[in-house]
Structures are given as C-alpha cells and as structure tokens.
$ cat run-v2.csv   # CSV, N, CA, C and O atoms
chain,number,residue,atom,x,y,z
I,1,MET,N,-23.6,-3.1,-0.7
I,1,MET,CA,-24.3,-4.4,-0.5
I,1,MET,C,-25.4,-4.4,-1.5
I,1,MET,O,-26.1,-3.4,-1.7
I,2,ASN,N,-25.5,-5.6,-2.1
I,2,ASN,CA,-26.6,-5.8,-3.1
I,2,ASN,C,-27.6,-6.8,-2.5
I,2,ASN,O,-27.2,-7.9,-2.2
I,3,PHE,N,-28.8,-6.4,-2.4
I,3,PHE,CA,-29.9,-7.3,-1.9
I,3,PHE,C,-30.6,-7.9,-3.2
I,3,PHE,O,-31.1,-7.1,-4.0
I,4,LEU,N,-30.5,-9.2,-3.3
I,4,LEU,CA,-30.9,-9.8,-4.5
I,4,LEU,C,-32.3,-10.5,-4.4
I,4,LEU,O,-33.0,-10.5,-5.4
I,5,ARG,N,-32.7,-11.0,-3.3
I,5,ARG,CA,-34.1,-11.6,-3.1
I,5,ARG,C,-34.4,-11.6,-1.7
I,5,ARG,O,-33.6,-11.5,-0.8
I,6,LYS,N,-35.7,-11.8,-1.4
I,6,LYS,CA,-36.2,-11.9,-0.1
I,6,LYS,C,-35.8,-13.2,0.6
I,6,LYS,O,-36.0,-14.3,-0.1
I,7,PRO,N,-35.2,-13.2,1.8
I,7,PRO,CA,-34.9,-14.5,2.4
I,7,PRO,C,-36.1,-15.2,2.9
I,7,PRO,O,-37.1,-14.6,3.1
I,8,SER,N,-35.9,-16.5,3.1
I,8,SER,CA,-37.0,-17.3,3.7
I,8,SER,C,-37.2,-16.9,5.1
I,8,SER,O,-36.3,-16.7,5.9
I,9,ALA,N,-38.5,-16.7,5.5
I,9,ALA,CA,-38.8,-16.2,6.8
I,9,ALA,C,-38.6,-17.2,7.9
I,9,ALA,O,-38.4,-16.9,9.1
I,10,ASN,N,-38.6,-18.5,7.6
I,10,ASN,CA,-38.5,-19.6,8.6
I,10,ASN,C,-37.1,-20.2,8.7
I,10,ASN,O,-36.9,-21.1,9.4
I,11,GLU,N,-36.1,-19.7,7.9
I,11,GLU,CA,-34.8,-20.3,7.9
I,11,GLU,C,-33.7,-19.2,8.4
I,11,GLU,O,-33.9,-18.1,8.3
I,12,ARG,N,-32.6,-19.8,8.9
I,12,ARG,CA,-31.5,-18.9,9.3
I,12,ARG,C,-30.8,-18.3,8.0
I,12,ARG,O,-30.9,-18.9,7.0
I,13,ILE,N,-30.1,-17.2,8.2
I,13,ILE,CA,-29.3,-16.6,7.2
I,13,ILE,C,-27.9,-17.2,7.3
I,13,ILE,O,-27.3,-17.1,8.4
I,14,ILE,N,-27.3,-17.7,6.3
I,14,ILE,CA,-25.9,-18.2,6.3
I,14,ILE,C,-25.1,-17.3,5.5
I,14,ILE,O,-25.4,-16.9,4.4
I,15,ALA,N,-23.9,-16.9,6.1
I,15,ALA,CA,-23.0,-16.0,5.4
I,15,ALA,C,-21.7,-16.8,5.1
I,15,ALA,O,-21.2,-17.5,6.0
I,16,GLU,N,-21.2,-16.6,3.9
I,16,GLU,CA,-19.9,-17.2,3.5
I,16,GLU,C,-19.0,-16.0,3.2
I,16,GLU,O,-19.3,-15.2,2.3
I,17,CYS,N,-17.8,-15.9,3.9
I,17,CYS,CA,-16.9,-14.8,3.7
I,17,CYS,C,-15.6,-15.3,3.1
I,17,CYS,O,-15.1,-16.4,3.4
I,18,SER,N,-15.0,-14.5,2.2
I,18,SER,CA,-13.7,-14.8,1.7
I,18,SER,C,-12.9,-13.5,1.5
I,18,SER,O,-13.5,-12.5,1.2
I,19,LEU,N,-11.6,-13.6,1.7
I,19,LEU,CA,-10.8,-12.5,1.5
I,19,LEU,C,-10.2,-12.6,0.1
I,19,LEU,O,-9.6,-13.6,-0.3
I,20,ILE,N,-10.5,-11.6,-0.7
I,20,ILE,CA,-10.1,-11.7,-2.1
I,20,ILE,C,-8.6,-11.3,-2.3
I,20,ILE,O,-7.9,-11.9,-3.0
I,21,LYS,N,-8.2,-10.3,-1.5
I,21,LYS,CA,-6.8,-9.8,-1.6
I,21,LYS,C,-6.4,-9.3,-0.2
I,21,LYS,O,-7.1,-8.6,0.5
I,22,VAL,N,-5.2,-9.7,0.3
I,22,VAL,CA,-4.7,-9.2,1.5
I,22,VAL,C,-3.3,-8.7,1.2
I,22,VAL,O,-2.4,-9.4,0.8
I,23,GLY,N,-3.2,-7.3,1.3
I,23,GLY,CA,-1.9,-6.7,1.1
I,23,GLY,C,-1.4,-6.1,2.3
I,23,GLY,O,-1.8,-6.3,3.4
I,24,ARG,N,-0.3,-5.3,2.2
I,24,ARG,CA,0.3,-4.6,3.3
I,24,ARG,C,-0.6,-3.6,4.0
I,24,ARG,O,-0.6,-3.4,5.2
I,25,THR,N,-1.4,-2.8,3.1
I,25,THR,CA,-2.1,-1.7,3.7
I,25,THR,C,-3.6,-1.9,3.4
I,25,THR,O,-4.4,-1.2,4.1
I,26,LEU,N,-4.1,-2.8,2.5
I,26,LEU,CA,-5.5,-3.0,2.3
I,26,LEU,C,-5.9,-4.5,2.3
I,26,LEU,O,-5.1,-5.3,1.8
I,27,VAL,N,-7.1,-4.7,2.7
I,27,VAL,CA,-7.7,-6.1,2.6
I,27,VAL,C,-9.0,-5.9,1.9
I,27,VAL,O,-9.8,-5.0,2.3
I,28,VAL,N,-9.3,-6.7,0.9
I,28,VAL,CA,-10.6,-6.7,0.2
I,28,VAL,C,-11.2,-8.1,0.4
I,28,VAL,O,-10.6,-9.1,0.3
I,29,GLY,N,-12.5,-8.0,0.9
I,29,GLY,CA,-13.3,-9.2,1.1
I,29,GLY,C,-14.6,-9.2,0.6
I,29,GLY,O,-15.1,-8.1,0.2
I,30,GLU,N,-15.3,-10.3,0.5
I,30,GLU,CA,-16.7,-10.4,0.0
I,30,GLU,C,-17.4,-11.4,0.9
I,30,GLU,O,-16.9,-12.3,1.4
I,31,VAL,N,-18.7,-11.1,1.0
I,31,VAL,CA,-19.6,-12.0,1.8
I,31,VAL,C,-20.9,-12.3,0.9
I,31,VAL,O,-21.5,-11.4,0.3
I,32,SER,N,-21.2,-13.6,0.9
I,32,SER,CA,-22.4,-14.1,0.2
I,32,SER,C,-23.4,-14.6,1.2
I,32,SER,O,-23.0,-15.3,2.1
I,33,LEU,N,-24.6,-14.1,1.2
I,33,LEU,CA,-25.6,-14.5,2.2
I,33,LEU,C,-26.7,-15.3,1.5
I,33,LEU,O,-27.2,-15.0,0.4
I,34,TYR,N,-27.1,-16.4,2.2
I,34,TYR,CA,-28.1,-17.4,1.7
I,34,TYR,C,-29.1,-17.7,2.8
I,34,TYR,O,-28.8,-17.5,4.0
I,35,SER,N,-30.3,-18.1,2.4
I,35,SER,CA,-31.2,-18.7,3.3
I,35,SER,C,-30.8,-20.1,3.5
I,35,SER,O,-30.4,-20.8,2.5
I,36,GLU,N,-30.8,-20.6,4.7
I,36,GLU,CA,-30.4,-22.0,5.0
I,36,GLU,C,-31.2,-23.0,4.1
I,36,GLU,O,-32.4,-22.9,4.1
I,37,GLY,N,-30.5,-23.9,3.4
I,37,GLY,CA,-31.1,-24.9,2.6
I,37,GLY,C,-31.4,-24.4,1.2
I,37,GLY,O,-32.0,-25.2,0.4
I,38,VAL,N,-31.2,-23.2,0.8
I,38,VAL,CA,-31.5,-22.6,-0.5
I,38,VAL,C,-30.2,-22.2,-1.1
I,38,VAL,O,-29.4,-21.4,-0.5
I,39,SER,N,-29.9,-22.5,-2.4
I,39,SER,CA,-28.6,-22.2,-3.0
I,39,SER,C,-28.6,-20.8,-3.6
I,39,SER,O,-27.6,-20.3,-4.0
I,40,ASP,N,-29.8,-20.2,-3.8
I,40,ASP,CA,-29.9,-18.8,-4.4
I,40,ASP,C,-29.4,-17.8,-3.4
I,40,ASP,O,-29.8,-17.8,-2.2
I,41,LEU,N,-28.6,-16.8,-3.9
I,41,LEU,CA,-28.1,-15.7,-3.1
I,41,LEU,C,-29.2,-14.8,-2.6
I,41,LEU,O,-30.1,-14.5,-3.4
I,42,VAL,N,-29.2,-14.4,-1.3
I,42,VAL,CA,-30.1,-13.4,-0.8
I,42,VAL,C,-29.5,-12.0,-0.9
I,42,VAL,O,-30.1,-11.1,-1.3
I,43,ALA,N,-28.2,-11.9,-0.7
I,43,ALA,CA,-27.4,-10.7,-0.7
I,43,ALA,C,-25.9,-10.9,-1.0
I,43,ALA,O,-25.4,-12.0,-0.7
I,44,HIS,N,-25.3,-9.9,-1.4
I,44,HIS,CA,-23.8,-10.0,-1.7
I,44,HIS,C,-23.2,-8.7,-1.3
I,44,HIS,O,-23.7,-7.6,-1.6
I,45,ALA,N,-22.1,-8.7,-0.6
I,45,ALA,CA,-21.4,-7.5,-0.2
I,45,ALA,C,-19.9,-7.6,-0.4
I,45,ALA,O,-19.3,-8.7,-0.4
I,46,VAL,N,-19.3,-6.5,-0.7
I,46,VAL,CA,-17.8,-6.4,-0.9
I,46,VAL,C,-17.4,-5.2,-0.1
I,46,VAL,O,-18.0,-4.2,0.0
I,47,GLY,N,-16.2,-5.4,0.6
I,47,GLY,CA,-15.7,-4.3,1.4
I,47,GLY,C,-14.2,-4.3,1.4
I,47,GLY,O,-13.5,-5.3,1.1
I,48,THR,N,-13.7,-3.1,1.7
I,48,THR,CA,-12.2,-2.9,1.7
I,48,THR,C,-11.9,-2.3,3.1
I,48,THR,O,-12.6,-1.4,3.6
I,49,TYR,N,-10.8,-2.8,3.7
I,49,TYR,CA,-10.4,-2.4,5.0
I,49,TYR,C,-9.0,-1.8,4.9
I,49,TYR,O,-8.1,-2.5,4.3
I,50,SER,N,-8.7,-0.7,5.4
I,50,SER,CA,-7.4,-0.1,5.4
I,50,SER,C,-6.7,-0.5,6.7
I,50,SER,O,-7.1,-0.1,7.8
I,51,ILE,N,-5.5,-1.1,6.6
I,51,ILE,CA,-4.7,-1.5,7.7
I,51,ILE,C,-3.9,-0.3,8.2
I,51,ILE,O,-3.2,0.3,7.4
I,52,PRO,N,-4.0,0.1,9.5
I,52,PRO,CA,-3.3,1.2,9.9
I,52,PRO,C,-1.8,1.0,9.9
I,52,PRO,O,-1.3,-0.1,10.0
I,53,PRO,N,-1.0,2.1,9.6
I,53,PRO,CA,0.4,1.9,9.5
I,53,PRO,C,1.0,1.5,10.8
I,53,PRO,O,0.5,1.9,11.9
I,54,TYR,N,2.0,0.7,10.8
I,54,TYR,CA,2.7,0.2,12.0
I,54,TYR,C,3.7,1.3,12.5
I,54,TYR,O,4.6,1.7,11.7
I,55,THR,N,3.5,1.9,13.7
I,55,THR,CA,4.4,2.9,14.2
I,55,THR,C,5.1,2.5,15.5
I,55,THR,O,4.6,1.5,16.1
I,56,SER,N,6.1,3.2,15.9
I,56,SER,CA,6.8,2.8,17.1
I,56,SER,C,5.9,3.1,18.3
I,56,SER,O,5.9,2.3,19.3
I,57,GLU,N,5.0,4.1,18.2
I,57,GLU,CA,4.0,4.4,19.3
I,57,GLU,C,3.0,3.2,19.4
I,57,GLU,O,2.7,2.8,20.5
I,58,ARG,N,2.6,2.7,18.3
I,58,ARG,CA,1.7,1.5,18.3
I,58,ARG,C,2.4,0.3,18.9
I,58,ARG,O,1.8,-0.5,19.6
I,59,SER,N,3.7,0.2,18.5
I,59,SER,CA,4.4,-1.0,19.1
I,59,SER,C,4.5,-0.9,20.6
I,59,SER,O,4.3,-1.9,21.3
I,60,GLU,N,4.7,0.3,21.2
I,60,GLU,CA,4.7,0.4,22.6
I,60,GLU,C,3.4,0.1,23.2
I,60,GLU,O,3.3,-0.6,24.3
I,61,ASN,N,2.3,0.5,22.6
I,61,ASN,CA,1.0,0.2,23.1
I,61,ASN,C,0.7,-1.3,23.1
I,61,ASN,O,0.1,-1.9,24.1
I,62,ILE,N,1.2,-2.0,22.1
I,62,ILE,CA,1.0,-3.5,22.0
I,62,ILE,C,1.8,-4.2,23.2
I,62,ILE,O,1.3,-5.1,23.8
I,63,LYS,N,3.0,-3.7,23.4
I,63,LYS,CA,3.9,-4.3,24.4
I,63,LYS,C,3.3,-4.1,25.8
I,63,LYS,O,3.4,-4.9,26.7
I,64,ASN,N,2.7,-2.9,26.1
I,64,ASN,CA,2.2,-2.6,27.4
I,64,ASN,C,0.8,-3.2,27.7
I,64,ASN,O,0.4,-3.2,28.8
I,65,ASN,N,0.1,-3.7,26.7
I,65,ASN,CA,-1.2,-4.4,26.9
I,65,ASN,C,-1.1,-5.8,26.9
I,65,ASN,O,-0.9,-6.7,26.8

$ encode --input "run-v2.csv" --output "structure tokens"
Amino acid sequence: MNFLRKPSANERIIAECSLIKVGRTLVVGEVSLYSEGVSDLVAHAVGTYSIPPYTSERSENIKNN
C-alpha cells in the first residue's frame, strides 16, 4: 500500500476497486482511495489473491452446507 497524502479530516474516505486480472488460480486487484470531493489520491493498494484448488472434498463441503 502506498500512502500518498494526508486525507481531509472532515470528509469520508472513498475507495474505488477494480480487478485487473481474474485467472483460474490468481486474482489481481487494485484500490484507489480518495477524500470525498477531492480528486487527488490519498492512497493506492495492489493485492493478489490465490484461489484454492477445487477438490472433491471441497465439493462435498459445499453440497452439505
């Protein structure tokens, strides 16, 4: 996460998220954070999520719940 500037103390923080890539095993996304009413970024984050492999045991757990 990159903190770019101090947010406005009297405004809400607005987050805009987008998924950059969605694959079979990985998802990459980014989030841009702004002070409400201000177009300059407050912070920017990028993250990667590993999707667990689909197994027959996991399939049974999904069916039973």

$ closest_residue --input "run-v2.csv" --among "I:Leu26, I:Leu33, I:Leu19, I:Ala9" --to "I:Ala45" --atoms "only C-alpha atoms"
I:Leu33

$ residues_around --input "run-v2.csv" --residues "I:Arg5" --least-positions-apart "3" --cutoff "12 Å" --atoms "only C-alpha atoms" --output "list of chain:residue names"
I:Asn2, I:Ser8, I:Ala9, I:Leu33, I:Tyr34, I:Ser35, I:Val38, I:Ser39, I:Asp40, I:Leu41, I:Val42, I:Ala43, I:His44

$ residues_around --input "run-v2.csv" --residues "stretch 48-55 of chain I" --least-positions-apart "3" --cutoff "6 Å" --atoms "only C-alpha atoms" --output "list in words"
Thr25, Leu26, Val27, Val28 and Arg58 of chain I

$ select_by_dssp --input "run-v2.csv" --residues "chain I" --states "strand (DSSP E)" --output "short mmCIF file (atom, residue, chain, number, x, y, z; two decimals) with N, CA, C and O atoms, in the coordinates of the input"
data_model
loop_
_atom_site.label_atom_id
_atom_site.label_comp_id
_atom_site.auth_asym_id
_atom_site.auth_seq_id
_atom_site.Cartn_x
_atom_site.Cartn_y
_atom_site.Cartn_z
N ASN I 2 -25.50 -5.60 -2.10
CA ASN I 2 -26.60 -5.80 -3.10
C ASN I 2 -27.60 -6.80 -2.50
O ASN I 2 -27.20 -7.90 -2.20
N PHE I 3 -28.80 -6.40 -2.40
CA PHE I 3 -29.90 -7.30 -1.90
C PHE I 3 -30.60 -7.90 -3.20
O PHE I 3 -31.10 -7.10 -4.00
N ILE I 13 -30.10 -17.20 8.20
CA ILE I 13 -29.30 -16.60 7.20
C ILE I 13 -27.90 -17.20 7.30
O ILE I 13 -27.30 -17.10 8.40
N ILE I 14 -27.30 -17.70 6.30
CA ILE I 14 -25.90 -18.20 6.30
C ILE I 14 -25.10 -17.30 5.50
O ILE I 14 -25.40 -16.90 4.40
N ALA I 15 -23.90 -16.90 6.10
CA ALA I 15 -23.00 -16.00 5.40
C ALA I 15 -21.70 -16.80 5.10
O ALA I 15 -21.20 -17.50 6.00
N GLU I 16 -21.20 -16.60 3.90
CA GLU I 16 -19.90 -17.20 3.50
C GLU I 16 -19.00 -16.00 3.20
O GLU I 16 -19.30 -15.20 2.30
N CYS I 17 -17.80 -15.90 3.90
CA CYS I 17 -16.90 -14.80 3.70
C CYS I 17 -15.60 -15.30 3.10
O CYS I 17 -15.10 -16.40 3.40
N SER I 18 -15.00 -14.50 2.20
CA SER I 18 -13.70 -14.80 1.70
C SER I 18 -12.90 -13.50 1.50
O SER I 18 -13.50 -12.50 1.20
N LEU I 19 -11.60 -13.60 1.70
CA LEU I 19 -10.80 -12.50 1.50
C LEU I 19 -10.20 -12.60 0.10
O LEU I 19 -9.60 -13.60 -0.30
N ILE I 20 -10.50 -11.60 -0.70
CA ILE I 20 -10.10 -11.70 -2.10
C ILE I 20 -8.60 -11.30 -2.30
O ILE I 20 -7.90 -11.90 -3.00
N LYS I 21 -8.20 -10.30 -1.50
CA LYS I 21 -6.80 -9.80 -1.60
C LYS I 21 -6.40 -9.30 -0.20
O LYS I 21 -7.10 -8.60 0.50
N VAL I 22 -5.20 -9.70 0.30
CA VAL I 22 -4.70 -9.20 1.50
C VAL I 22 -3.30 -8.70 1.20
O VAL I 22 -2.40 -9.40 0.80
N LEU I 26 -4.10 -2.80 2.50
CA LEU I 26 -5.50 -3.00 2.30
C LEU I 26 -5.90 -4.50 2.30
O LEU I 26 -5.10 -5.30 1.80
N VAL I 27 -7.10 -4.70 2.70
CA VAL I 27 -7.70 -6.10 2.60
C VAL I 27 -9.00 -5.90 1.90
O VAL I 27 -9.80 -5.00 2.30
N VAL I 28 -9.30 -6.70 0.90
CA VAL I 28 -10.60 -6.70 0.20
C VAL I 28 -11.20 -8.10 0.40
O VAL I 28 -10.60 -9.10 0.30
N GLY I 29 -12.50 -8.00 0.90
CA GLY I 29 -13.30 -9.20 1.10
C GLY I 29 -14.60 -9.20 0.60
O GLY I 29 -15.10 -8.10 0.20
N GLU I 30 -15.30 -10.30 0.50
CA GLU I 30 -16.70 -10.40 0.00
C GLU I 30 -17.40 -11.40 0.90
O GLU I 30 -16.90 -12.30 1.40
N VAL I 31 -18.70 -11.10 1.00
CA VAL I 31 -19.60 -12.00 1.80
C VAL I 31 -20.90 -12.30 0.90
O VAL I 31 -21.50 -11.40 0.30
N SER I 32 -21.20 -13.60 0.90
CA SER I 32 -22.40 -14.10 0.20
C SER I 32 -23.40 -14.60 1.20
O SER I 32 -23.00 -15.30 2.10
N LEU I 33 -24.60 -14.10 1.20
CA LEU I 33 -25.60 -14.50 2.20
C LEU I 33 -26.70 -15.30 1.50
O LEU I 33 -27.20 -15.00 0.40
N TYR I 34 -27.10 -16.40 2.20
CA TYR I 34 -28.10 -17.40 1.70
C TYR I 34 -29.10 -17.70 2.80
O TYR I 34 -28.80 -17.50 4.00
N SER I 35 -30.30 -18.10 2.40
CA SER I 35 -31.20 -18.70 3.30
C SER I 35 -30.80 -20.10 3.50
O SER I 35 -30.40 -20.80 2.50
N LEU I 41 -28.60 -16.80 -3.90
CA LEU I 41 -28.10 -15.70 -3.10
C LEU I 41 -29.20 -14.80 -2.60
O LEU I 41 -30.10 -14.50 -3.40
N VAL I 42 -29.20 -14.40 -1.30
CA VAL I 42 -30.10 -13.40 -0.80
C VAL I 42 -29.50 -12.00 -0.90
O VAL I 42 -30.10 -11.10 -1.30
N ALA I 43 -28.20 -11.90 -0.70
CA ALA I 43 -27.40 -10.70 -0.70
C ALA I 43 -25.90 -10.90 -1.00
O ALA I 43 -25.40 -12.00 -0.70
N HIS I 44 -25.30 -9.90 -1.40
CA HIS I 44 -23.80 -10.00 -1.70
C HIS I 44 -23.20 -8.70 -1.30
O HIS I 44 -23.70 -7.60 -1.60
N ALA I 45 -22.10 -8.70 -0.60
CA ALA I 45 -21.40 -7.50 -0.20
C ALA I 45 -19.90 -7.60 -0.40
O ALA I 45 -19.30 -8.70 -0.40
N VAL I 46 -19.30 -6.50 -0.70
CA VAL I 46 -17.80 -6.40 -0.90
C VAL I 46 -17.40 -5.20 -0.10
O VAL I 46 -18.00 -4.20 0.00
N GLY I 47 -16.20 -5.40 0.60
CA GLY I 47 -15.70 -4.30 1.40
C GLY I 47 -14.20 -4.30 1.40
O GLY I 47 -13.50 -5.30 1.10
N THR I 48 -13.70 -3.10 1.70
CA THR I 48 -12.20 -2.90 1.70
C THR I 48 -11.90 -2.30 3.10
O THR I 48 -12.60 -1.40 3.60
N TYR I 49 -10.80 -2.80 3.70
CA TYR I 49 -10.40 -2.40 5.00
C TYR I 49 -9.00 -1.80 4.90
O TYR I 49 -8.10 -2.50 4.30
N SER I 50 -8.70 -0.70 5.40
CA SER I 50 -7.40 -0.10 5.40
C SER I 50 -6.70 -0.50 6.70
O SER I 50 -7.10 -0.10 7.80
#

$ atom_distance --input "run-v2.csv" --atom1 "atom CA of I:Ser18" --atom2 "atom CA of I:Met1"
15.0 Å

$ closest_residue --input "run-v2.csv" --among "I:Ser32, I:Gly37, I:Gly47, I:Ser56" --to "I:Leu4" --atoms "only C-alpha atoms"
I:Ser32

$ atom_distance --input "run-v2.csv" --atom1 "atom CA of I:Phe3" --atom2 "atom CA of I:Lys21"
23.2 Å

$ atom_distance --input "run-v2.csv" --atom1 "atom O of I:Ile20" --atom2 "atom C of I:Pro7"
29.0 Å

$ axis_aligned_box --input "run-v2.csv" --around "stretch 17-31 of chain I" --padding-each-side "3 Å" --output "JSON"
{"center_x": -10.6, "center_y": -8.8, "center_z": 1.1, "size_x": 27.8, "size_y": 21.2, "size_z": 14.2}

$ decode --input "run-v2.csv" --residues "chain I" --atoms "C-alpha atoms" --output "compact mmCIF listing (two decimals), in the first residue's frame"
# COMPACT_ATOMS: atom_id res chain seq x y z
CA MET I 1 0.00 0.00 0.00
CA ASN I 2 1.27 3.43 -0.91
CA PHE I 3 0.18 6.39 1.23
CA LEU I 4 0.38 9.47 -0.97
CA ARG I 5 -1.08 12.36 1.04
CA LYS I 6 -2.94 13.16 4.22
CA PRO I 7 -6.73 12.79 3.81
CA SER I 8 -9.14 15.58 4.67
CA ALA I 9 -10.10 15.31 8.35
CA ASN I 10 -13.73 16.33 7.75
CA GLU I 11 -14.54 14.15 4.72
CA ARG I 12 -15.23 10.47 4.24
CA ILE I 13 -12.71 8.20 2.52
CA ILE I 14 -13.96 6.84 -0.81
CA ALA I 15 -12.48 3.61 -2.22
CA GLU I 16 -12.64 2.52 -5.85
CA CYS I 17 -11.71 -1.10 -6.50
CA SER I 18 -11.04 -2.86 -9.79
CA LEU I 19 -9.94 -6.36 -10.66
CA ILE I 20 -7.02 -6.16 -13.05
CA LYS I 21 -6.84 -9.87 -13.84
CA VAL I 22 -9.02 -12.83 -12.88
CA GLY I 23 -7.49 -16.19 -13.68
CA ARG I 24 -8.11 -19.81 -12.67
CA THR I 25 -5.80 -19.65 -9.66
CA LEU I 26 -4.99 -15.95 -9.08
CA VAL I 27 -6.91 -12.67 -8.88
CA VAL I 28 -5.08 -9.32 -9.01
CA GLY I 29 -6.87 -6.18 -7.88
CA GLU I 30 -6.18 -2.56 -7.05
CA VAL I 31 -7.83 0.01 -4.78
CA SER I 32 -7.61 3.80 -5.08
CA LEU I 33 -8.57 5.84 -2.00
CA TYR I 34 -9.74 9.46 -2.11
CA SER I 35 -11.09 12.06 0.31
CA GLU I 36 -14.71 12.74 -0.65
CA GLY I 37 -14.91 15.68 -3.06
CA VAL I 38 -11.15 15.73 -3.81
CA SER I 39 -9.74 14.13 -6.97
CA ASP I 40 -6.17 13.65 -5.64
CA LEU I 41 -5.32 10.12 -4.45
CA VAL I 42 -4.83 9.61 -0.71
CA ALA I 43 -3.54 6.03 -1.06
CA HIS I 44 -3.19 3.23 -3.59
CA ALA I 45 -3.04 -0.52 -2.96
CA VAL I 46 -2.50 -3.59 -5.14
CA GLY I 47 -3.15 -7.15 -3.97
CA THR I 48 -3.09 -10.72 -5.23
CA TYR I 49 -5.42 -13.48 -4.00
CA SER I 50 -4.73 -17.16 -4.57
CA ILE I 51 -7.90 -19.14 -5.34
CA PRO I 52 -7.79 -22.51 -3.55
CA PRO I 53 -7.85 -25.56 -5.84
CA TYR I 54 -11.24 -27.20 -6.32
CA THR I 55 -11.20 -30.69 -4.78
CA SER I 56 -13.82 -33.43 -4.35
CA GLU I 57 -13.62 -32.89 -0.56
CA ARG I 58 -14.39 -29.19 -1.02
CA SER I 59 -17.26 -30.15 -3.35
CA GLU I 60 -18.80 -32.32 -0.60
CA ASN I 61 -18.49 -29.47 1.93
CA ILE I 62 -20.30 -27.10 -0.44
CA LYS I 63 -23.12 -29.62 -1.03
CA ASN I 64 -23.59 -30.23 2.72
CA ASN I 65 -23.77 -26.53 3.66
